[in-house]
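Colleague: Sending over final37.txt (compact mmCIF, C-alpha atoms).
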# COMPACT_ATOMS: atom_id res chain seq x y z
CA MET K 174 28.44 -23.47 -9.24
CA ALA K 175 27.75 -24.96 -5.80
CA ASN K 176 26.79 -22.80 -2.86
CA ASP K 177 29.11 -22.71 0.13
CA LYS K 178 27.57 -23.87 3.40
CA ALA K 179 27.26 -20.35 4.85
CA THR K 180 25.39 -19.15 1.77
CA GLU K 181 23.07 -22.17 1.92
CA ARG K 182 22.35 -21.40 5.58
CA ALA K 183 21.62 -17.78 4.71
CA ILE K 184 19.21 -18.83 1.95
CA ARG K 185 17.46 -21.28 4.30
CA ALA K 186 17.23 -18.59 6.98
CA GLY K 187 15.71 -16.17 4.47
CA ARG K 188 13.19 -18.79 3.37
CA ALA K 189 12.28 -19.56 6.99
CA GLU K 190 11.78 -15.85 7.72
CA ALA K 191 9.61 -15.58 4.61
CA ALA K 192 7.44 -18.48 5.77
CA ALA K 193 7.04 -16.76 9.16
CA VAL K 194 6.11 -13.49 7.45
CA VAL K 195 3.52 -15.19 5.25
CA GLY K 196 2.12 -16.97 8.31
CA ARG K 197 1.71 -13.65 10.11
CA ARG K 198 0.15 -12.13 7.03
CA GLU K 199 -2.43 -14.93 6.77
CA LYS K 200 -3.91 -13.84 10.09
CA VAL K 201 -3.99 -10.22 8.89
CA LEU K 202 -5.61 -11.24 5.62
CA ARG K 203 -8.37 -13.11 7.44
CA ARG K 204 -9.16 -9.98 9.42
CA ARG K 205 -9.00 -7.93 6.24
CA ALA K 206 -11.36 -10.30 4.42
CA ALA K 207 -13.92 -10.03 7.22
CA GLU K 208 -13.72 -6.23 7.14
CA VAL K 209 -13.99 -6.16 3.33
CA GLY K 210 -17.13 -8.28 3.56
CA ARG K 211 -18.64 -5.94 6.11
CA GLN K 212 -17.80 -2.88 4.01
CA GLN K 213 -19.18 -4.46 0.84
CA LYS K 214 -22.51 -5.10 2.53
CA ALA K 215 -22.64 -1.55 3.88
CA LEU K 216 -21.70 -0.10 0.49
CA ALA K 217 -24.33 -2.18 -1.31
CA ALA K 218 -26.98 -0.94 1.09
CA GLU K 219 -25.82 2.67 0.63
CA GLN K 220 -25.84 2.30 -3.17
CA ARG K 221 -29.38 0.94 -3.12
CA LYS K 222 -30.52 3.93 -1.08
CA ALA K 223 -28.68 6.40 -3.32
CA LEU K 224 -30.13 4.83 -6.48
CA ALA K 225 -33.63 5.00 -5.06
CA ARG K 226 -33.17 8.70 -4.24
CA ALA K 227 -31.57 9.47 -7.62
CA ARG K 228 -34.33 7.90 -9.65
CA GLY K 229 -36.69 10.63 -8.61
CA ARG K 230 -34.52 13.66 -9.29
CA ALA K 231 -31.59 12.90 -11.61
CA GLY K 232 -31.31 11.84 -15.21
CA PRO K 233 -28.75 9.38 -16.60
CA ALA K 234 -26.25 12.15 -17.41
CA ARG K 235 -25.90 13.10 -13.75
CA LEU K 236 -25.38 9.50 -12.75
CA ALA K 237 -22.52 8.92 -15.23
CA PRO K 238 -19.61 7.18 -13.45
CA ILE K 239 -16.62 9.30 -12.51
CA ALA K 240 -14.06 6.44 -12.66
CA PRO K 241 -13.40 6.68 -16.45
CA ARG K 242 -12.69 10.41 -16.12
CA LEU K 243 -10.24 9.77 -13.27
CA GLN K 244 -8.52 7.00 -15.24
CA ALA K 245 -8.15 9.28 -18.26
CA ARG K 246 -6.46 11.93 -16.13
CA ALA K 247 -4.09 9.36 -14.59
CA GLY K 248 -3.10 7.96 -17.97
CA PRO K 249 -3.68 4.52 -19.50
CA PRO K 250 -2.84 1.38 -17.50
CA SER K 251 0.65 -0.06 -17.89
CA VAL K 252 1.29 -2.64 -20.59
CA ALA K 253 4.97 -3.01 -19.67
CA GLY K 254 4.07 -4.76 -16.42
CA VAL K 255 4.45 -4.30 -12.70
CA LEU K 256 7.77 -4.32 -10.86
CA VAL K 257 8.36 -4.76 -7.13
CA ALA K 258 11.48 -3.11 -5.75
CA GLU K 259 13.50 -3.32 -2.56
CA GLY K 260 16.60 -1.22 -2.20
CA ASP K 261 18.62 1.84 -1.28
CA SER K 262 19.05 5.36 -2.64
CA TRP K 263 19.50 4.27 -6.27
CA PHE K 264 15.83 3.28 -5.96
CA ASP K 265 14.87 6.12 -3.57
CA TYR K 266 16.63 9.36 -4.45
CA PRO K 267 15.19 12.89 -4.39
CA PHE K 268 13.69 14.16 -7.67
CA VAL K 269 14.79 11.22 -9.85
CA ASP K 270 16.03 7.66 -9.44
CA VAL K 271 16.06 4.35 -11.32
CA LEU K 272 12.45 3.53 -10.41
CA SER K 273 10.98 6.91 -11.35
CA VAL K 274 12.61 6.68 -14.80
CA LEU K 275 11.32 3.11 -15.27
CA GLU K 276 7.83 4.39 -14.46
CA ASP K 277 7.89 7.62 -16.45
CA ASP K 278 10.00 6.67 -19.46
CA PHE K 279 9.36 2.92 -19.79
CA ALA K 280 5.73 2.74 -18.55
CA PHE K 281 6.17 0.24 -15.73
CA ASP K 282 4.00 0.34 -12.63
CA ILE K 283 6.17 -0.05 -9.53
CA GLU K 284 5.52 -1.12 -5.96
CA SER K 285 8.58 -0.14 -3.89
CA VAL K 286 9.71 -0.66 -0.31
CA SER K 287 13.08 1.00 -1.00
CA HIS K 288 14.59 3.47 1.46
CA LYS K 289 17.64 5.65 0.94
CA GLY K 290 20.48 5.02 3.36
CA ASP K 291 19.60 1.40 4.10
CA ARG K 292 22.42 -1.09 4.30
CA VAL K 293 21.82 -4.49 2.74
CA GLU K 294 22.08 -5.97 6.25
CA ASP K 295 19.27 -3.62 7.33
CA MET K 296 17.16 -4.92 4.46
CA ALA K 297 17.92 -8.52 5.39
CA TYR K 298 17.70 -8.52 9.15
CA GLU K 299 16.05 -5.30 10.33
CA GLY K 300 13.18 -2.96 9.58
CA GLY K 301 10.53 -5.36 8.29
CA GLN K 302 11.18 -4.77 4.57
CA LEU K 303 10.25 -8.39 3.84
CA ASP K 304 6.93 -7.88 5.63
CA GLU K 305 6.25 -4.76 3.58
CA LEU K 306 7.30 -6.43 0.35
CA THR K 307 4.89 -9.30 1.11
CA ARG K 308 2.14 -6.75 1.67
CA ARG K 309 2.84 -5.19 -1.76
CA ILE K 310 2.66 -8.61 -3.45
CA GLU K 311 -0.70 -9.20 -1.75
CA LYS K 312 -1.97 -5.94 -3.23
CA LEU K 313 -0.98 -7.14 -6.68
CA LEU K 314 -2.69 -10.49 -6.13
CA ARG K 315 -5.93 -8.69 -5.23
CA ARG K 316 -5.72 -7.03 -8.65
CA GLY K 317 -4.92 -10.34 -10.34
CA VAL K 318 -1.41 -9.16 -11.23
CA VAL K 319 1.82 -11.18 -11.23
CA PRO K 320 4.98 -9.02 -11.03
CA ARG K 321 7.16 -8.92 -14.13
CA ALA K 322 10.25 -8.90 -11.90
CA ILE K 323 11.54 -7.97 -8.46
CA LEU K 324 14.42 -5.46 -8.42
CA LEU K 325 16.98 -5.51 -5.64
CA SER K 326 19.52 -2.73 -4.95
CA GLY K 327 21.85 -2.75 -1.97
CA GLY K 328 25.39 -2.83 -0.67
CA GLY K 329 26.62 0.69 -1.43
CA ASN K 330 25.90 1.90 2.09
CA ASP K 331 27.68 -1.14 3.53
CA VAL K 332 31.04 -0.07 2.09
CA ALA K 333 30.75 3.73 1.78
CA GLY K 334 30.46 6.39 4.45
CA ASP K 335 32.01 6.60 7.90
CA GLU K 336 33.45 3.08 7.78
CA PHE K 337 34.95 3.31 4.30
CA GLY K 338 38.46 4.00 5.63
CA MET K 339 38.46 0.59 7.32
CA LEU K 340 38.71 -1.01 3.87
CA LEU K 341 42.03 0.73 3.21
CA ASN K 342 45.60 0.27 4.31
CA HIS K 343 47.43 3.58 4.76
CA ALA K 344 49.05 5.08 1.66
CA THR K 345 52.49 5.01 3.36
CA SER K 346 52.17 1.47 4.71
CA ALA K 347 54.11 -1.49 3.34
CA LYS K 348 50.95 -2.62 1.51
CA PRO K 349 48.92 0.48 0.55
CA GLY K 350 45.46 0.31 -0.97
CA LEU K 351 42.58 -2.08 -0.32
CA ASN K 352 42.94 -4.33 2.68
CA GLU K 353 42.03 -7.60 0.99
CA GLN K 354 41.10 -9.39 4.21
CA VAL K 355 38.73 -6.63 5.32
CA VAL K 356 37.22 -6.29 1.84
CA ALA K 357 36.68 -10.06 1.68
CA GLY K 358 35.02 -9.99 5.11
CA VAL K 359 32.66 -7.18 4.15
CA ILE K 360 31.81 -8.03 0.52
CA ASP K 361 32.43 -11.76 0.15
CA GLU K 362 30.97 -12.69 3.52
CA ARG K 363 28.80 -10.03 5.19
CA VAL K 364 27.15 -8.55 2.09
CA ARG K 365 26.98 -11.87 0.23
CA LEU K 366 25.20 -13.60 3.11
CA ALA K 367 22.76 -10.71 3.48
CA TYR K 368 21.97 -10.91 -0.24
CA ALA K 369 21.51 -14.68 0.01
CA PHE K 370 19.12 -14.18 2.94
CA ILE K 371 17.09 -11.57 1.04
CA ILE K 372 16.96 -13.58 -2.18
CA GLY K 373 15.98 -16.72 -0.29
CA GLY K 374 13.23 -14.80 1.51
CA ILE K 375 11.86 -13.08 -1.59
CA THR K 376 11.89 -16.36 -3.51
CA ARG K 377 9.95 -18.15 -0.77
CA VAL K 378 7.39 -15.35 -0.47
CA CYS K 379 6.70 -15.63 -4.21
CA GLU K 380 6.43 -19.41 -4.01
CA LEU K 381 3.95 -19.19 -1.15
CA GLN K 382 1.93 -16.22 -2.39
CA LEU K 383 2.09 -16.66 -6.17
CA GLY K 384 2.82 -20.34 -6.56
CA ARG K 385 5.88 -19.60 -8.65
CA ARG K 386 9.29 -17.94 -8.62
CA VAL K 387 9.46 -14.40 -9.95
CA PRO K 388 12.66 -13.18 -11.66
CA ILE K 389 14.91 -11.16 -9.33
CA LEU K 390 17.32 -8.55 -10.73
CA THR K 391 20.39 -7.36 -8.82
CA HIS K 392 23.04 -4.80 -9.75
CA GLY K 393 26.49 -3.80 -8.52
CA TYR K 394 26.66 -0.03 -9.26
CA ASP K 395 29.21 1.62 -11.57
CA TYR K 396 32.66 3.19 -11.28
CA SER K 397 32.09 6.37 -9.28
CA VAL K 398 34.69 9.12 -8.85
CA PRO K 399 35.65 9.95 -5.23
CA ASP K 400 35.96 13.70 -5.79
CA GLY K 401 34.53 14.85 -2.45
CA ARG K 402 31.09 15.90 -3.73
CA GLY K 403 28.11 15.11 -1.52
CA PHE K 404 24.39 15.65 -1.98
CA PHE K 405 23.99 19.24 -3.23
CA GLY K 406 27.71 19.59 -2.54
CA GLY K 407 27.45 17.98 0.91
CA TRP K 408 27.51 21.35 2.67
CA TRP K 409 26.30 21.82 6.25
CA LEU K 410 24.14 18.81 7.31
CA LEU K 411 23.51 17.39 3.85
CA PRO K 412 24.74 13.81 3.21
CA GLY K 413 28.20 13.12 1.82
CA PRO K 414 30.88 12.95 0.77
CA TRP K 415 31.13 9.22 1.43
CA LEU K 416 34.50 8.23 -0.05
CA GLN K 417 37.03 11.06 -0.08
CA PRO K 418 37.15 11.46 3.75
CA GLY K 419 38.20 7.82 4.10
CA PHE K 420 40.88 8.21 1.46
CA ARG K 421 42.25 11.34 3.14
CA GLN K 422 42.21 9.62 6.52
CA LYS K 423 44.48 6.94 5.05
CA GLY K 424 46.80 9.40 3.30
CA PHE K 425 45.50 9.19 -0.28
CA ARG K 426 45.33 12.54 -2.11
CA ASP K 427 45.70 11.68 -5.80
CA LEU K 428 42.25 11.42 -7.45
CA PRO K 429 43.27 8.95 -10.22
CA THR K 430 44.74 6.62 -7.58
CA CYS K 431 41.59 6.86 -5.46
CA ALA K 432 39.38 6.29 -8.51
CA GLY K 433 41.41 3.20 -9.37
CA LEU K 434 40.83 1.77 -5.90
CA VAL K 435 37.09 2.46 -6.18
CA LYS K 436 37.10 0.64 -9.52
CA ARG K 437 38.72 -2.41 -7.92
CA LEU K 438 36.14 -2.31 -5.11
CA ILE K 439 33.20 -2.08 -7.55
CA ASP K 440 34.67 -4.97 -9.56
CA ARG K 441 34.89 -7.08 -6.40
CA PHE K 442 31.29 -6.24 -5.53
CA ASN K 443 30.02 -7.17 -9.00
CA GLU K 444 32.06 -10.36 -9.07
CA MET K 445 30.53 -11.39 -5.74
CA LEU K 446 26.99 -10.85 -7.07
CA LEU K 447 27.77 -12.64 -10.33
CA GLY K 448 29.08 -15.62 -8.38
CA LEU K 449 25.97 -15.64 -6.19
CA VAL K 450 23.43 -15.52 -9.04
CA ARG K 451 25.29 -18.27 -10.91
CA ALA K 452 25.06 -20.60 -7.94
CA ALA K 453 22.75 -23.61 -7.77
CA GLY K 454 19.11 -22.73 -7.19
CA MET K 455 19.55 -19.14 -8.42
CA GLU K 456 18.40 -19.66 -12.00
CA HIS K 457 15.64 -17.06 -11.56
CA VAL K 458 18.12 -14.41 -10.32
CA HIS K 459 19.81 -12.14 -12.87
CA HIS K 460 22.60 -9.60 -12.51
CA VAL K 461 22.36 -6.27 -14.37
CA ASP K 462 25.99 -5.30 -14.91
CA LEU K 463 26.08 -1.49 -14.88
CA ARG K 464 29.84 -1.08 -15.13
CA LYS K 465 30.87 1.39 -17.86
CA THR K 466 27.27 2.62 -18.20
CA LEU K 467 28.25 5.98 -16.69
CA SER K 468 31.34 7.97 -17.55
CA SER K 469 34.32 7.96 -15.20
CA GLY K 470 36.46 10.04 -17.58
CA PRO K 471 36.88 13.83 -17.93
CA SER K 472 33.12 14.37 -18.50
CA TYR K 473 32.03 12.21 -15.55
CA LYS K 474 30.09 15.04 -13.85
CA ALA K 475 27.48 14.86 -16.62
CA ASP K 476 26.62 11.35 -15.35
CA TRP K 477 27.49 11.59 -11.64
CA ASP K 478 25.67 14.05 -9.36
CA ASN K 479 28.05 13.25 -6.50
CA GLU K 480 30.35 10.47 -5.29
CA LEU K 481 27.61 7.83 -5.13
CA HIS K 482 24.59 8.93 -7.16
CA PRO K 483 23.99 9.57 -10.84
CA THR K 484 22.52 12.72 -12.36
CA ARG K 485 19.16 12.58 -14.12
CA LYS K 486 20.98 11.66 -17.33
CA GLY K 487 22.90 8.98 -15.44
CA PHE K 488 19.77 7.47 -13.90
CA GLU K 489 18.19 7.42 -17.37
CA LEU K 490 21.16 5.42 -18.67
CA VAL K 491 20.94 3.00 -15.75
CA ALA K 492 17.17 2.58 -16.11
CA ALA K 493 17.62 1.80 -19.81
CA LYS K 494 19.94 -1.08 -18.84
CA PHE K 495 17.30 -2.39 -16.42
CA ASN K 496 14.62 -2.08 -19.09
CA SER K 497 16.69 -4.13 -21.52
CA ALA K 498 17.28 -6.82 -18.89
CA ILE K 499 13.56 -6.96 -18.05
CA ALA K 500 12.63 -7.17 -21.74
CA ALA K 501 14.80 -10.29 -22.04
CA LEU K 502 12.85 -12.10 -19.27
CA PRO K 503 10.09 -14.58 -20.10
CA LEU K 504 6.57 -13.21 -19.69
CA PRO K 505 4.83 -14.17 -16.39
Please lay out the structure from this file as structure tokens.
Modeller:
Amino acid sequence: MANDKATERAIRAGRAEAAAVVGRREKVLRRRAAEVGRQQKALAAEQRKALARARGRAGPARLAPIAPRLQARAGPPSVAGVLVAEGDSWFDYPFVDVLSVLEDDFAFDIESVSHKGDRVEDMAYEGGQLDELTRRIEKLLRRGVVPRAILLSGGGNDVAGDEFGMLLNHATSAKPGLNEQVVAGVIDERVRLAYAFIIGGITRVCELQLGRRVPILTHGYDYSVPDGRGFFGGWWLLPGPWLQPGFRQKGFRDLPTCAGLVKRLIDRFNEMLLGLVRAAGMEHVHHVDLRKTLSSGPSYKADWDNELHPTRKGFELVAAKFNSAIAALPLP
């Protein structure tokens, strides 16, 4: 599938930003290298002094290194590999999220620059996430590690929340439901171009820093139920709900009807990402389709903690899908 011109421009812009980031980081790394050299010399001198002092008053048992004991307490090193993640609350949620399950249950080591509440446009154009992601890749390089994959989560905050009602025509209008022109503008243009920018940037950072492309995994969420539940119920100043207020503003009261519209929106979002990753030059980008992973039927509350976020069980199901997708990738 060929890229449209706007998507190609977004990818080029992301690659150009990545080159600028790496250029800025090269200056930082030169300063860091000089400081590391200075510290190494100082440490070597200190160690020589300490060894000379210890020879006179301590036996070998007292000089036994502490590092193996610390490593034993922290657990064995990962054999599953290292993941780098950039994303929203599905990667940065209190108590449990996709990344914590991948670490704890599937033994990955993860470097994350994810931040709950971020829109995908924030990730692309604001906040320096690409700078921070580059810094994390540099840390891995210093350890001689190539990431197994880079995980990308975003877009939920671009369509949910205070602006969600803008995606809807009123329930009593001549054409109730999703406003196709607005949805196309948000998902097929705004979010798509932001994703293209991010993917182009991440790809270029890996090419410049690692000399290769690293697999990138995206996802498009699952069919949530707009039942009015926010974080811990959404009471007082806690976040949420993110969907029901918009439906009520536009005259929708029937939960099955609202859930059907959310399903259509999630399908549109996934179809956009599938189209993007199938485009030319995106062979290293893979889409993890999470639809129907979590229940949207009568027992949906076992999988959904609120309108947008899974329960622990739900995050475990989602993480298992990611683990299967990562297992299918070629080894670095």
Colleague: Point out the residue among K:Val332, K:Ala223, K:Ala189, K:Cys379 with the least atom-to-atom distance to K:Gly419, counting all atoms listed in the file.
Modeller: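 Of all the options, K:Val332 lies closest to K:Gly419.
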Colleague: When you count all atoms listed in the file, which of these residues is closest to K:Asp335: K:Phe279, K:Phe404, K:Phe268, K:Trp415?
Modeller: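 Of K:Phe279, K:Phe404, K:Phe268, K:Trp415, the one nearest K:Asp335, counting all atoms listed in the file, is K:Trp415.
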Colleague: Please provide the set of residues having any atom within 9 Å of K:Lys486, restricted to only C-alpha atoms, with same-chain residues fewer than 6 positions apart removed, written as a PyMOL selection string.
Modeller: chain K and resi 475-477
Colleague: In file coordinates, which residues lie within 6 Å of (33.7, 6.0, -2.2) using all atoms listed in the file, given as a VMD selection string?
Modeller: chain K and resid 333 399 415 to 416
Colleague: Name all residues at most 10 Å from stretch 447-454 of chain K (count all atoms listed in the file; drop same-chain ones fewer than 4 positions away) and give them as a tab-separated table (two decimals) with C-alpha atoms, keeping the file's coordinate frame.
Modeller:
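Generated file (out22.tsv):
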chain	number	residue	atom	x	y	z
K	174	MET	CA	28.44	-23.47	-9.24
K	175	ALA	CA	27.75	-24.96	-5.80
K	176	ASN	CA	26.79	-22.80	-2.86
K	177	ASP	CA	29.11	-22.71	0.13
K	180	THR	CA	25.39	-19.15	1.77
K	181	GLU	CA	23.07	-22.17	1.92
K	184	ILE	CA	19.21	-18.83	1.95
K	361	ASP	CA	32.43	-11.76	0.15
K	365	ARG	CA	26.98	-11.87	0.23
K	366	LEU	CA	25.20	-13.60	3.11
K	368	TYR	CA	21.97	-10.91	-0.24
K	369	ALA	CA	21.51	-14.68	0.01
K	372	ILE	CA	16.96	-13.58	-2.18
K	373	GLY	CA	15.98	-16.72	-0.29
K	389	ILE	CA	14.91	-11.16	-9.33
K	390	LEU	CA	17.32	-8.55	-10.73
K	391	THR	CA	20.39	-7.36	-8.82
K	392	HIS	CA	23.04	-4.80	-9.75
K	393	GLY	CA	26.49	-3.80	-8.52
K	441	ARG	CA	34.89	-7.08	-6.40
K	442	PHE	CA	31.29	-6.24	-5.53
K	443	ASN	CA	30.02	-7.17	-9.00
K	458	VAL	CA	18.12	-14.41	-10.32
K	459	HIS	CA	19.81	-12.14	-12.87
K	460	HIS	CA	22.60	-9.60	-12.51
K	461	VAL	CA	22.36	-6.27	-14.37
K	462	ASP	CA	25.99	-5.30	-14.91
Colleague: Considering all atoms listed in the file, return as a list in words whatever protein or nucleic-acid residues lie within 9 Å of K:Val257, sequence-local ones (same chain, fewer than 4 positions apart) excluded.
Modeller: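 Returned residues: Asp282, Ile283, Glu284, Ser285, Val286, Leu306, Arg309, Ile310, Pro320, Arg321, Ala322, Ile323, Leu324 and Leu325 of chain K.
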Colleague: Let me make sure I understand: among K:Ser497, K:Ser346, K:Gln422, K:Ser262, which one has the smallest atom-to-atom distance to K:Ser287 if we use only C-alpha atoms?
Modeller: K:Ser262
Colleague: May I have the residues within 12 Å of K:Arg402 as number ranges by chain, using all atoms listed in the file and disregarding those fewer than 6 positions away in the same chain?
Modeller: K: 408, 411-418, 474, 477-483
Colleague: Kindly assemble as a Markdown table a list of the stretch 341-372 of chain K residues that lie within 12 Å of stretch 424-430 of chain K, each paired with its nearest atom pair and their distance in Å to one decimal, using all atoms listed in the file, sorted first by chain and then by ascending residue number.
Modeller:
| residue | atom | partner | partner_atom | distance |
| --- | --- | --- | --- | --- |
| K:Leu341 | CA | K:Phe425 | CA | 9.8 |
| K:Asn342 | CA | K:Gly424 | CA | 9.3 |
| K:His343 | CA | K:Gly424 | CA | 6.0 |
| K:Ala344 | CA | K:Gly424 | CA | 5.1 |
| K:Thr345 | CA | K:Gly424 | CA | 7.2 |
| K:Ser346 | CA | K:Gly424 | CA | 9.7 |
| K:Pro349 | CA | K:Phe425 | CA | 9.4 |
| K:Gly350 | CA | K:Phe425 | CA | 8.9 |
| K:Leu351 | CA | K:Thr430 | CA | 11.5 |
Colleague: Using only C-alpha atoms, pick whichever of K:Asn496, K:Asn330, K:Thr484, K:Thr307 has the shortest atom-to-atom distance to K:Ile360.
Modeller: K:Asn330
Colleague: Just to confirm, what's the straight-line distance from atom CA of K:Gly290 to atom CA of K:Glu336 in Å (one decimal)?
Modeller: 13.8 Å
Colleague: Let me know the centre plus edge lengths, in Å and rounded to one decimal, of a box with edges along x, y and z that contains all listed atoms of stretch 288-293 of chain K and is padded by 5 Å on every side, as AutoDock Vina command-line options.
Modeller:
--center_x 18.5 --center_y 0.6 --center_z 2.6 --size_x 17.8 --size_y 20.1 --size_z 13.4
Colleague: Go through K:Arg182, K:His457, K:Arg464, K:Lys436 and flag the residue nearest K:Thr376, using only C-alpha atoms for the distances.
Modeller: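 Closest to K:Thr376 of all the choices is K:His457.
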